[in-house]
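Visitor: One file: protein-v3.txt (compact mmCIF, C-alpha atoms).
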# COMPACT_ATOMS: atom_id res chain seq x y z
CA MET F 9 100.43 36.77 142.11
CA PRO F 10 97.59 34.47 141.03
CA GLN F 11 98.57 31.63 138.73
CA ILE F 12 96.84 31.12 135.41
CA ARG F 13 96.22 27.56 134.35
CA PRO F 14 97.54 26.67 130.91
CA GLY F 15 94.89 26.44 128.22
CA ARG F 16 92.57 28.99 129.80
CA VAL F 17 92.28 32.68 128.77
CA ARG F 18 91.69 35.24 131.44
CA THR F 19 88.87 37.67 130.52
CA LYS F 20 87.61 40.79 132.22
CA ARG F 21 84.33 40.63 134.01
CA ASP F 22 81.37 42.82 133.14
CA ASN F 23 79.88 45.47 135.43
CA ARG F 24 77.18 43.02 136.60
CA ARG F 25 74.39 45.07 135.11
CA ALA F 26 71.59 43.84 132.92
CA PRO F 27 72.67 43.72 129.27
CA LEU F 28 71.73 46.66 127.05
CA LEU F 29 69.45 45.55 124.22
CA LEU F 30 70.22 46.97 120.81
CA SER F 31 66.50 47.34 120.16
CA ALA F 32 66.14 49.53 123.28
CA ILE F 33 68.98 51.90 122.33
CA ARG F 34 68.30 54.92 120.14
CA PRO F 35 69.73 54.09 116.70
CA GLU F 36 71.68 57.36 116.47
CA ASN F 37 73.52 56.52 119.72
CA VAL F 38 75.12 53.31 118.44
CA ASN F 39 77.15 52.30 115.40
CA VAL F 40 77.26 48.63 114.44
CA ARG F 41 77.85 48.96 110.70
CA GLU F 42 79.92 46.27 109.09
CA GLY F 43 83.46 47.35 108.23
CA GLU F 44 83.45 50.18 110.78
CA VAL F 45 84.56 50.38 114.40
CA LYS F 46 81.60 49.49 116.58
CA SER F 47 80.89 52.19 119.13
CA LEU F 48 78.18 53.30 121.55
CA VAL F 49 77.27 56.36 123.62
CA CYS F 50 77.94 55.37 127.23
CA PRO F 51 74.68 55.74 129.23
CA ASP F 52 76.61 57.04 132.26
CA CYS F 53 79.11 59.60 130.92
CA ARG F 54 77.28 60.25 127.59
CA THR F 55 80.46 59.97 125.48
CA TRP F 56 81.20 57.75 122.51
CA ARG F 57 83.10 54.63 123.52
CA ARG F 58 84.32 51.65 121.58
CA LEU F 59 82.57 48.28 121.75
CA MET F 60 84.97 45.38 122.31
CA GLY F 61 84.42 41.76 121.30
CA ASP F 62 82.96 39.92 118.35
CA THR F 63 80.01 37.92 119.60
CA LYS F 64 79.67 39.37 123.09
CA LEU F 65 79.98 43.15 122.89
CA LYS F 66 81.07 45.19 125.89
CA ILE F 67 81.78 48.90 126.32
CA ARG F 68 85.49 49.44 126.66
CA GLU F 69 86.75 50.35 130.12
CA HIS F 70 87.11 54.12 130.42
CA CYS F 71 87.06 57.04 132.85
CA ARG F 72 84.38 59.64 133.35
CA SER F 73 86.64 62.37 131.94
CA ASP F 74 89.79 62.19 129.85
CA LYS F 75 91.18 65.30 131.57
CA VAL F 76 92.09 65.10 135.24
CA ALA F 77 93.66 67.78 137.40
CA VAL F 78 97.21 67.33 138.63
CA GLY F 79 97.37 65.25 141.81
CA LYS F 80 93.97 63.56 141.33
CA LYS F 81 93.19 60.03 140.19
CA HIS F 82 91.13 59.02 137.21
CA ASP F 83 87.53 58.29 138.12
CA ARG F 84 86.50 55.02 136.48
CA CYS F 85 83.10 55.26 134.76
CA PRO F 86 80.54 52.73 136.07
CA GLY F 87 79.42 52.17 132.49
CA SER F 88 82.70 50.38 131.70
CA ASN F 89 82.41 46.74 130.59
CA GLN F 90 78.68 47.11 130.04
CA VAL F 91 77.35 44.20 128.00
CA VAL F 92 75.43 45.05 124.81
CA GLN F 93 73.19 42.32 123.43
CA LEU F 94 72.34 42.26 119.72
CA ASP F 95 68.71 41.16 119.95
CA ILE F 96 67.99 42.48 116.43
CA THR F 97 69.90 42.08 113.19
CA ILE F 98 72.13 44.70 111.60
CA GLU F 99 69.61 45.13 108.76
CA GLN F 100 66.82 45.87 111.22
CA TRP F 101 69.02 48.42 112.99
CA SER F 102 69.84 50.07 109.64
CA GLU F 103 66.12 50.40 108.86
CA ARG F 104 65.52 52.05 112.22
CA MET F 105 68.46 54.37 111.57
CA LEU F 106 67.02 55.46 108.19
CA ALA F 107 63.58 56.01 109.72
CA ALA F 108 65.03 58.15 112.53
CA ASP F 109 67.09 60.17 110.04
CA SER F 110 64.08 60.91 107.81
CA THR F 111 62.01 61.96 110.84
CA ALA F 112 64.76 64.29 112.04
CA THR F 113 65.09 65.79 108.54
CA GLY F 114 61.39 66.56 108.38
CA ARG F 115 61.47 68.01 111.88
CA ARG F 116 64.46 70.23 111.12
CA SER F 117 63.56 73.90 110.59
CA ALA F 118 64.22 75.72 107.36
CA ARG F 119 67.70 76.93 106.78
CA GLN F 120 68.21 80.51 107.88
CA HIS F 121 70.27 82.93 105.87
CA TYR F 122 71.88 85.59 107.98
CA LYS F 123 72.72 88.92 106.45
CA PRO F 124 76.44 89.54 106.76
CA LEU F 125 77.46 92.31 109.09
CA PRO F 126 78.73 95.45 107.40
CA ALA F 127 82.48 95.85 107.40
CA PRO F 128 83.79 98.33 109.95
CA ALA F 129 84.59 101.76 108.61
CA LYS F 130 88.20 102.41 107.79
CA PRO F 131 90.02 104.96 109.95
CA VAL F 132 90.66 108.39 108.50
CA THR F 133 94.38 107.66 108.27
CA LYS F 134 93.75 104.87 105.72
CA LEU F 135 91.30 106.78 103.53
CA LEU F 136 92.16 109.10 100.66
CA PRO F 137 90.44 112.35 101.69
CA THR F 138 91.09 115.80 100.36
CA ALA F 139 93.41 118.18 102.13
CA GLN F 140 90.47 120.07 103.63
CA THR F 141 88.79 116.96 105.08
CA ALA F 142 92.12 115.71 106.45
CA LEU F 143 92.71 119.06 108.13
CA THR F 144 89.21 119.00 109.65
CA ALA F 145 89.74 115.46 111.01
CA TYR F 146 93.12 116.49 112.43
CA ARG F 147 91.65 119.51 114.24
CA GLU F 148 88.77 117.49 115.71
CA HIS F 149 91.15 114.81 116.95
CA PHE F 150 93.48 117.41 118.47
CA LYS F 151 90.65 119.00 120.45
CA LYS F 152 89.35 115.67 121.80
CA CYS F 153 92.78 114.23 122.52
CA GLN F 154 93.99 117.35 124.31
CA ALA F 155 90.88 117.47 126.51
CA SER F 156 90.98 113.73 127.35
CA GLY F 157 93.89 114.01 129.80
CA ALA F 158 95.28 110.60 128.82
CA PRO F 159 99.03 110.02 128.99
CA GLY F 160 100.80 110.69 125.69
CA ARG F 161 97.98 112.93 124.48
CA CYS F 162 98.35 115.71 121.95
CA THR F 163 99.73 118.93 123.43
CA GLY F 164 101.04 122.17 122.07
CA SER F 165 104.13 120.74 120.37
CA LEU F 166 103.68 116.97 120.83
CA ARG F 167 101.30 114.68 118.98
CA CYS F 168 100.05 111.20 119.76
CA ALA F 169 100.32 108.36 117.23
CA VAL F 170 96.92 109.07 115.65
CA GLY F 171 97.55 112.80 115.58
CA ALA F 172 100.92 112.32 113.88
CA LYS F 173 99.31 110.09 111.24
CA LEU F 174 96.56 112.62 110.56
CA ALA F 175 99.14 115.40 110.22
CA THR F 176 101.13 113.28 107.76
CA VAL F 177 98.00 112.52 105.74
CA TYR F 178 97.18 116.23 105.59
CA GLU F 179 100.66 117.13 104.30
CA GLN F 180 100.55 114.36 101.71
CA ARG F 181 97.10 115.30 100.46
CA LYS F 182 98.10 118.98 100.26
CA VAL F 183 101.01 118.09 97.98
CA LEU F 184 98.87 115.73 95.91
CA ASP F 185 96.10 118.31 95.49
CA ARG F 186 98.65 120.89 94.35
CA GLU F 187 100.11 118.48 91.80
CA ARG F 188 96.64 117.46 90.62
CA ALA F 189 95.60 121.11 90.12
CA ARG F 190 98.79 121.73 88.13
CA PHE F 191 98.12 118.66 85.99
CA ASP F 192 94.52 119.73 85.37
CA ARG F 193 95.63 123.18 84.21
CA SER F 194 98.21 121.72 81.84
CA TYR F 195 95.72 119.16 80.55
CA ILE F 196 93.08 121.82 79.87
CA ALA F 197 95.62 124.03 78.09
CA ALA F 198 96.82 121.12 75.95
CA ALA F 199 93.25 120.13 75.10
CA ALA F 200 92.39 123.72 74.09
CA LYS F 201 95.50 123.91 71.92
CA ASN F 202 94.67 120.62 70.19
CA THR F 203 91.09 121.77 69.60
CA GLU F 204 92.27 125.05 68.08
CA ALA F 205 94.70 123.23 65.79
CA GLU F 206 91.96 120.82 64.72
CA TRP F 207 89.57 123.63 63.86
CA ALA F 208 92.31 125.48 61.95
CA LYS F 209 92.94 122.36 59.92
CA HIS F 210 89.24 122.10 59.06
CA HIS F 211 89.12 125.81 58.16
CA GLU F 212 92.02 125.44 55.71
CA ALA F 213 90.43 122.36 54.19
CA THR F 214 87.09 124.11 53.56
CA GLY F 215 88.41 127.58 52.61
CA ASP F 216 89.05 126.73 48.95
CA ALA F 217 85.59 125.29 48.46
CA LYS F 218 83.73 128.49 49.44
CA ALA F 219 83.74 129.88 45.92
CA ALA F 220 82.45 126.63 44.46
CA MET F 221 79.77 126.29 47.13
CA ALA F 222 78.58 129.95 46.91
CA LYS F 223 75.52 130.90 44.94
CA ARG F 224 75.25 133.46 42.13
CA SER F 225 75.46 136.46 44.49
CA GLY F 226 79.03 135.65 45.59
CA THR F 227 80.69 134.46 48.73
CA THR F 228 80.17 137.74 50.62
CA VAL F 229 76.41 137.64 50.25
CA GLU F 230 76.41 133.92 50.97
CA GLU F 231 78.26 134.37 54.25
CA ALA F 232 75.96 137.24 55.23
CA ASN F 233 72.89 135.12 54.55
CA ASN F 234 74.27 132.27 56.62
CA SER F 235 75.15 134.47 59.63
CA CYS F 236 72.68 135.51 62.29
CA ARG F 237 73.10 139.16 63.29
CA ILE F 238 70.95 141.50 65.30
CA ARG F 239 70.41 144.72 63.34
CA GLN F 240 69.36 147.89 65.05
CA ALA F 241 66.23 149.67 63.88
CA ASP F 242 66.50 152.53 61.36
CA THR F 243 69.87 151.34 60.08
CA VAL F 244 70.94 150.79 56.53
CA SER F 245 72.41 147.50 55.43
CA GLU F 246 76.06 147.53 54.45
CA PHE F 247 75.27 145.45 51.39
CA ARG F 248 74.34 148.33 49.04
CA GLY F 249 75.88 148.84 45.68
CA PRO F 250 75.71 147.88 42.06
CA GLN F 251 76.19 144.18 42.86
CA VAL F 252 72.96 144.09 44.88
CA PRO F 253 69.84 144.43 42.68
CA LEU F 254 67.46 147.04 44.13
CA GLN F 255 64.75 146.76 41.48
CA PRO F 256 62.55 143.75 40.85
CA VAL F 257 64.17 141.38 38.45
CA ARG F 258 62.11 140.83 35.30
CA ILE F 259 62.76 137.68 33.42
CA SER F 260 62.06 138.04 29.70
CA ALA F 261 61.41 135.10 27.51
Would you put the structure from the file into structure tokens?
Guide:
Amino acid sequence: MPQIRPGRVRTKRDNRRAPLLLSAIRPENVNVREGEVKSLVCPDCRTWRRLMGDTKLKIREHCRSDKVAVGKKHDRCPGSNQVVQLDITIEQWSERMLAADSTATGRRSARQHYKPLPAPAKPVTKLLPTAQTALTAYREHFKKCQASGAPGRCTGSLRCAVGAKLATVYEQRKVLDRERARFDRSYIAAAAKNTEAEWAKHHEATGDAKAAMAKRSGTTVEEANNSCRIRQADTVSEFRGPQVPLQPVRISA
């Protein structure tokens, strides 16, 4: 084992390539901001790697790929320990970074808005059809399933999973439709009864005021005048008698 003299620090050598100049690297491929971990895109494996050192920066030693098959060795990337020389200041690099970002923003195409795809239709078993539509869907499925020849298909007395669901939906909808029809009949009867009671109440309230509202001829004539009746030709009116004046009325002073 080689001996290390006291007072000297052993350092790793570089890859003996020419140093990479910061001015020659694309600004978006390097990060030298103060307060952040300095990193660089390795020119060989094109992955982000950390820059080690303070004054003399070098790409940290790494492999070409982080994932290696079982039984194989890691392949060391030739870009390891590559020296990076800061030939420009951090402020100059920041200005180049801002210029590159503004150019990329102007070159970026307009944002596209994609129309969302329509949701897939729900199966018949999850809808709320009527009994007739459920029966139609059940019959169509039975014909197709029986003719398909697949194992577990619908037969004379057996049903597949979808066929059993459709049959259950049909039975449920038949019961619900029957209950809904019964409810509608009872609701219509109750509404008619309430309407009749309301009109009877109004009739009783206005019956006593007929005499006060009638004109001089009496309530019978008033009701006849207010009613629209179709009279046959050559018929005599039923309003004949001493109460109906037949002669012209002469008003004397």
Visitor: Name the residues in contact with F:Asn23 at a cut-off of 9 Å, using all atoms listed in the file, excluding same-chain residues fewer than 5 positions from it; report them as number ranges by chain.
Guide: F: 86-91
Visitor: Would you be able to write out as a ChimeraX atom specification which residues have an atom within 6 Å of (75.3, 46.1, 123.7) in the file's coordinates, counting only C-alpha atoms?
Guide: /F:28-30,65,91-93
Visitor: Quick one: of F:Arg161, F:Asp74, F:Met105, F:Gln100, who's nearest to F:Val38, counting all atoms listed in the file?
Guide: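 Under the stated criterion, the closest residue is F:Met105.
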Visitor: Residues near stretch 162-170 of chain F, anyone? I mean within 7 Å using only C-alpha atoms, not counting same-chain ones fewer than 5 positions away, as a PyMOL selection string.
Guide: chain F and resi 150+153-154
Visitor: Kindly give the distance, in Å, that separates atom CA of F:Ile96 and atom CA of F:Ala32, rounded to a single decimal.
Guide: 10.0 Å
Visitor: Which residue, F:Arg193, F:Ile67, F:Ala139, F:Arg181, has the smallest gap to F:Pro51 when you use all atoms listed in the file?
Guide: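 Of F:Arg193, F:Ile67, F:Ala139, F:Arg181, the one nearest F:Pro51, counting all atoms listed in the file, is F:Ile67.
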Visitor: Between F:Asp109, F:Glu69, F:Asp185, F:Glu42, which is the closest to F:Cys85 once you count only C-alpha atoms?
Guide: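 Once distances to F:Cys85 are computed over only C-alpha atoms, the minimum belongs to F:Glu69.
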Visitor: Restricting the calculation to all atoms listed in the file, which member of F:Tyr195, F:Arg188, F:Gly171, F:Lys201 is positioned closest to F:Lys152?
Guide: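 Nearest to F:Lys152: F:Gly171.
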Visitor: Can you tell me which residues surround F:Leu48 at a distance of at most 7 Å, considering all atoms listed in the file, apart from same-chain residues fewer than 3 positions away, and format the answer as an NGL selection string?
Guide: :F and (37-39 or 56-59)
Visitor: Take atom CA of F:Cys50 and atom CA of F:Arg68 and report the distance between them in Å, one decimal.
Guide: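 Calculated distance between atom CA of F:Cys50 and atom CA of F:Arg68 is 9.6 Å.
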Visitor: Atom CA of F:Arg25 and atom CA of F:Leu94 are how many Å apart?
Guide: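 Computing the Euclidean distance for atom CA of F:Arg25 and atom CA of F:Leu94 yields 15.8 Å.
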